[in-house]
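Colleague: My questions all concern the structure below.
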Amino acid sequence: MAQRPKKVLLSGATLLVLGLSVVGISTFGSNVETVTAREVQQRTAARNNGWLAASFPVENFQAYTSPFGYRRSATGGANWEFHGGLDIAAPQGSYIRNWWVGTVVKVGDRTACGTHIVIKSGEWEHTYCHMEGHVETAYGRRYLIDRAGGIQIWEGQVIPTGVRIGRVGMTGRTTGPHLHWGLKYAKNYVDPALVLREMFTQQQIASRESRIVIQESKNQRDSGY
Ligand SMILES: [Zn+2]
């Protein structure tokens with residue numbers, strides 16, 4: 001992921017979202033007031049929407065393996081890098097579901113994100129990385145194809161909420177099967193954990209399942225994505 005700290009709305013060297021409490025610690029914003037204001041904007045964006053019908057993005061959830069925000073670089077030392085999404089571990093081949101109805105604006109398979117899909121839902125943009133399959137072109141249009149998983153997703157296609165759009169794989173820069181799930185609102189990054197927390201609250205899922213515990217990455221080599 002490109003290093004663009006100026007577009008970060010909420011950064012935290014250690015971001016813990018525990019139950020319904022949010023603790024965002026900004027250690028990189030040169031202008032604390034600006035960061036705080038943007039943090040509020042981000043939370044507002046997450047809360048201003050009705051997520052009653054929203055879908056959790058992956059089946060066979062195992063764990064949140066790397067949070068959104070800044071983390072130590074894969075090369076270690078004093079270097080930090082920005083992680084523009086939430087890593088959700090699931091067994092390889094588990095199905096990925098579309099979080100929110102929208103239009104496929106991009107499919108790709110040549111970056112660290114691996115085989116991926118970007119869906120736009122109004123001002124929201126959701127990205128799914130490291131999927132199984134690859135991209136092909138036909139009739140001048142690009143599509144993601146995962147034949148073993150029975151998946152074919154075309155650019156420009158409208159995808160309903162909850163529909164299977166691919167499977168968890170290991171394409172791109174990753175050391176283990178997981179879904180890297182990125183969210184943007186009005187082109188600014190949003191911490192997916194904020195949205196998931198709001199979803200769980202609205203959907204009144206049992207408290208045990210609604211508790212999101214995100215800690216420092218257990219896999220430091222899985223950097224960038
Ligand atoms: Zn990631």
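Please note that chains go A, B, ... in the order of the structure tokens, that every chain numbers its residues from 1, and that ligands are numbered from 1 in the order shown.
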Within 8 Å of ligand 1, which residues show up when you count only C-alpha atoms and all ligand atoms? List them as a list in words, please.
Modeller: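 The residues near ligand 1 are Ser66, Pro67, Phe68, His83, Gly84, Gly85, Leu86, Asp87, Cys129, Leu179, His180, Trp181, Gly182, Asp222, Ser223, Gly224 and Tyr225 of chain A.
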Colleague: Go ahead and write the selection's residues with C-alpha atoms as a CSV table (one decimal), in the first residue's frame.
Modeller:
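To be explicit, this is the file written out as result.csv:
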```csv
chain,number,residue,atom,x,y,z
A,66,SER,CA,-3.4,-7.4,11.7
A,67,PRO,CA,-5.2,-4.1,12.5
A,68,PHE,CA,-5.6,-1.0,10.4
A,83,HIS,CA,-1.6,-0.8,6.8
A,84,GLY,CA,-4.7,0.4,4.9
A,85,GLY,CA,-7.0,-2.3,5.9
A,86,LEU,CA,-7.9,-5.1,8.4
A,87,ASP,CA,-6.5,-8.6,7.9
A,129,CYS,CA,-7.1,-8.6,-1.5
A,179,LEU,CA,-8.6,-11.5,3.5
A,180,HIS,CA,-7.1,-8.0,3.5
A,181,TRP,CA,-10.2,-5.8,3.7
A,182,GLY,CA,-9.9,-2.1,3.0
A,222,ASP,CA,2.9,-9.6,6.1
A,223,SER,CA,3.5,-6.0,5.5
A,224,GLY,CA,1.6,-3.4,3.5
A,225,TYR,CA,-1.3,-5.7,2.9
```
Colleague: Given only C-alpha atoms, how would the per-residue table for stretch 34-139 of chain A near stretch 149-169 of chain A read, listing every residue at most 8 Å away with its closest atom pair and distance in Å to one decimal, sorted by chain and number, as JSON lines?
Modeller:
```
{"residue": "A:Ala53", "atom": "CA", "partner": "A:Thr161", "partner_atom": "CA", "distance": 7.5}
{"residue": "A:Ala54", "atom": "CA", "partner": "A:Thr161", "partner_atom": "CA", "distance": 6.5}
{"residue": "A:Ser55", "atom": "CA", "partner": "A:Gly162", "partner_atom": "CA", "distance": 5.1}
{"residue": "A:Phe56", "atom": "CA", "partner": "A:Gly162", "partner_atom": "CA", "distance": 7.8}
{"residue": "A:Pro57", "atom": "CA", "partner": "A:Gly162", "partner_atom": "CA", "distance": 7.8}
{"residue": "A:Ala90", "atom": "CA", "partner": "A:Val168", "partner_atom": "CA", "distance": 7.0}
{"residue": "A:Pro91", "atom": "CA", "partner": "A:Val168", "partner_atom": "CA", "distance": 7.2}
{"residue": "A:Gln92", "atom": "CA", "partner": "A:Val168", "partner_atom": "CA", "distance": 5.2}
{"residue": "A:Gly93", "atom": "CA", "partner": "A:Arg167", "partner_atom": "CA", "distance": 5.1}
{"residue": "A:Ser94", "atom": "CA", "partner": "A:Arg167", "partner_atom": "CA", "distance": 5.3}
{"residue": "A:Tyr95", "atom": "CA", "partner": "A:Arg167", "partner_atom": "CA", "distance": 4.3}
{"residue": "A:Ile96", "atom": "CA", "partner": "A:Arg167", "partner_atom": "CA", "distance": 5.2}
{"residue": "A:Arg97", "atom": "CA", "partner": "A:Arg164", "partner_atom": "CA", "distance": 4.4}
{"residue": "A:Asn98", "atom": "CA", "partner": "A:Gly162", "partner_atom": "CA", "distance": 4.9}
{"residue": "A:Trp99", "atom": "CA", "partner": "A:Thr161", "partner_atom": "CA", "distance": 5.8}
{"residue": "A:Trp100", "atom": "CA", "partner": "A:Thr161", "partner_atom": "CA", "distance": 4.5}
{"residue": "A:Val101", "atom": "CA", "partner": "A:Pro160", "partner_atom": "CA", "distance": 4.3}
{"residue": "A:Gly102", "atom": "CA", "partner": "A:Ile159", "partner_atom": "CA", "distance": 5.5}
{"residue": "A:Thr103", "atom": "CA", "partner": "A:Val158", "partner_atom": "CA", "distance": 4.3}
{"residue": "A:Val104", "atom": "CA", "partner": "A:Glu155", "partner_atom": "CA", "distance": 5.1}
{"residue": "A:Val105", "atom": "CA", "partner": "A:Glu155", "partner_atom": "CA", "distance": 5.7}
{"residue": "A:Lys106", "atom": "CA", "partner": "A:Glu155", "partner_atom": "CA", "distance": 5.7}
{"residue": "A:Val107", "atom": "CA", "partner": "A:Glu155", "partner_atom": "CA", "distance": 6.5}
{"residue": "A:His130", "atom": "CA", "partner": "A:Gly169", "partner_atom": "CA", "distance": 5.4}
{"residue": "A:Met131", "atom": "CA", "partner": "A:Gly169", "partner_atom": "CA", "distance": 4.5}
{"residue": "A:Glu132", "atom": "CA", "partner": "A:Gly169", "partner_atom": "CA", "distance": 4.5}
```
Colleague: Could you write out the selected residues, including C-alpha atoms, as a PDB file, in the first residue's frame?
Modeller:
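Below is the file result-v7.pdb, written as the result:
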```pdb
ATOM      1  CA  ALA A  53     -28.226  -5.690   6.098  1.00  0.00           C
ATOM      2  CA  ALA A  54     -24.462  -5.489   5.771  1.00  0.00           C
ATOM      3  CA  SER A  55     -22.531  -8.712   5.416  1.00  0.00           C
ATOM      4  CA  PHE A  56     -19.452  -9.792   7.327  1.00  0.00           C
ATOM      5  CA  PRO A  57     -16.891 -10.091   4.479  1.00  0.00           C
ATOM      6  CA  ALA A  90      -9.737 -17.743   7.311  1.00  0.00           C
ATOM      7  CA  PRO A  91      -8.822 -21.130   5.834  1.00  0.00           C
ATOM      8  CA  GLN A  92      -7.675 -20.967   2.242  1.00  0.00           C
ATOM      9  CA  GLY A  93     -10.623 -21.380  -0.082  1.00  0.00           C
ATOM     10  CA  SER A  94     -13.164 -19.856   2.315  1.00  0.00           C
ATOM     11  CA  TYR A  95     -15.681 -17.717   0.521  1.00  0.00           C
ATOM     12  CA  ILE A  96     -15.552 -13.935   0.628  1.00  0.00           C
ATOM     13  CA  ARG A  97     -18.862 -12.091   0.681  1.00  0.00           C
ATOM     14  CA  ASN A  98     -19.690  -8.651  -0.577  1.00  0.00           C
ATOM     15  CA  TRP A  99     -20.023  -6.351   2.415  1.00  0.00           C
ATOM     16  CA  TRP A 100     -22.467  -3.897   0.818  1.00  0.00           C
ATOM     17  CA  VAL A 101     -24.330  -3.708  -2.490  1.00  0.00           C
ATOM     18  CA  GLY A 102     -22.316  -1.835  -5.088  1.00  0.00           C
ATOM     19  CA  THR A 103     -20.621  -1.746  -8.458  1.00  0.00           C
ATOM     20  CA  VAL A 104     -17.328  -3.443  -9.265  1.00  0.00           C
ATOM     21  CA  VAL A 105     -15.013  -0.611 -10.264  1.00  0.00           C
ATOM     22  CA  LYS A 106     -11.818  -2.624 -10.535  1.00  0.00           C
ATOM     23  CA  VAL A 107     -10.391  -6.119 -10.646  1.00  0.00           C
ATOM     24  CA  HIS A 130      -5.210 -11.919  -1.834  1.00  0.00           C
ATOM     25  CA  MET A 131      -8.094 -13.764  -3.450  1.00  0.00           C
ATOM     26  CA  GLU A 132      -7.919 -17.009  -5.379  1.00  0.00           C
TER      27      GLU A 132
END
```
Colleague: When you draw a straight line from atom CA of A:Thr65 to atom CA of A:Asp191, how long is it in Å?
Modeller: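 Separation between atom CA of A:Thr65 and atom CA of A:Asp191: 14.3 Å.
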Colleague: Provide the atom CA of A:Leu52 to atom CA of A:Met199 distance in Å, to one decimal place.
Modeller: 6.7 Å
Colleague: I need the helix (DSSP H, G or I) residues of stretch 84-209 of chain A per DSSP on the backbone, written as a VMD selection string.
Modeller: chain A and resid 147 to 149 192 to 203 207 to 209
Colleague: Check the DSSP output for the backbone and give back, as a VMD selection string, the residues of stretch 52-142 of chain A in strand (DSSP E or B).
Modeller: chain A and resid 58 63 to 66 69 to 72 80 to 83 86 to 89 95 to 97 102 to 108 115 to 121 124 to 131 134 to 138 141 to 142
Colleague: Which is closest to A:Glu125 among A:Gln202, A:Leu196, A:Glu39, A:Tyr185, if we use only C-alpha atoms?
Modeller: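 Smallest distance to A:Glu125 is found for A:Tyr185.
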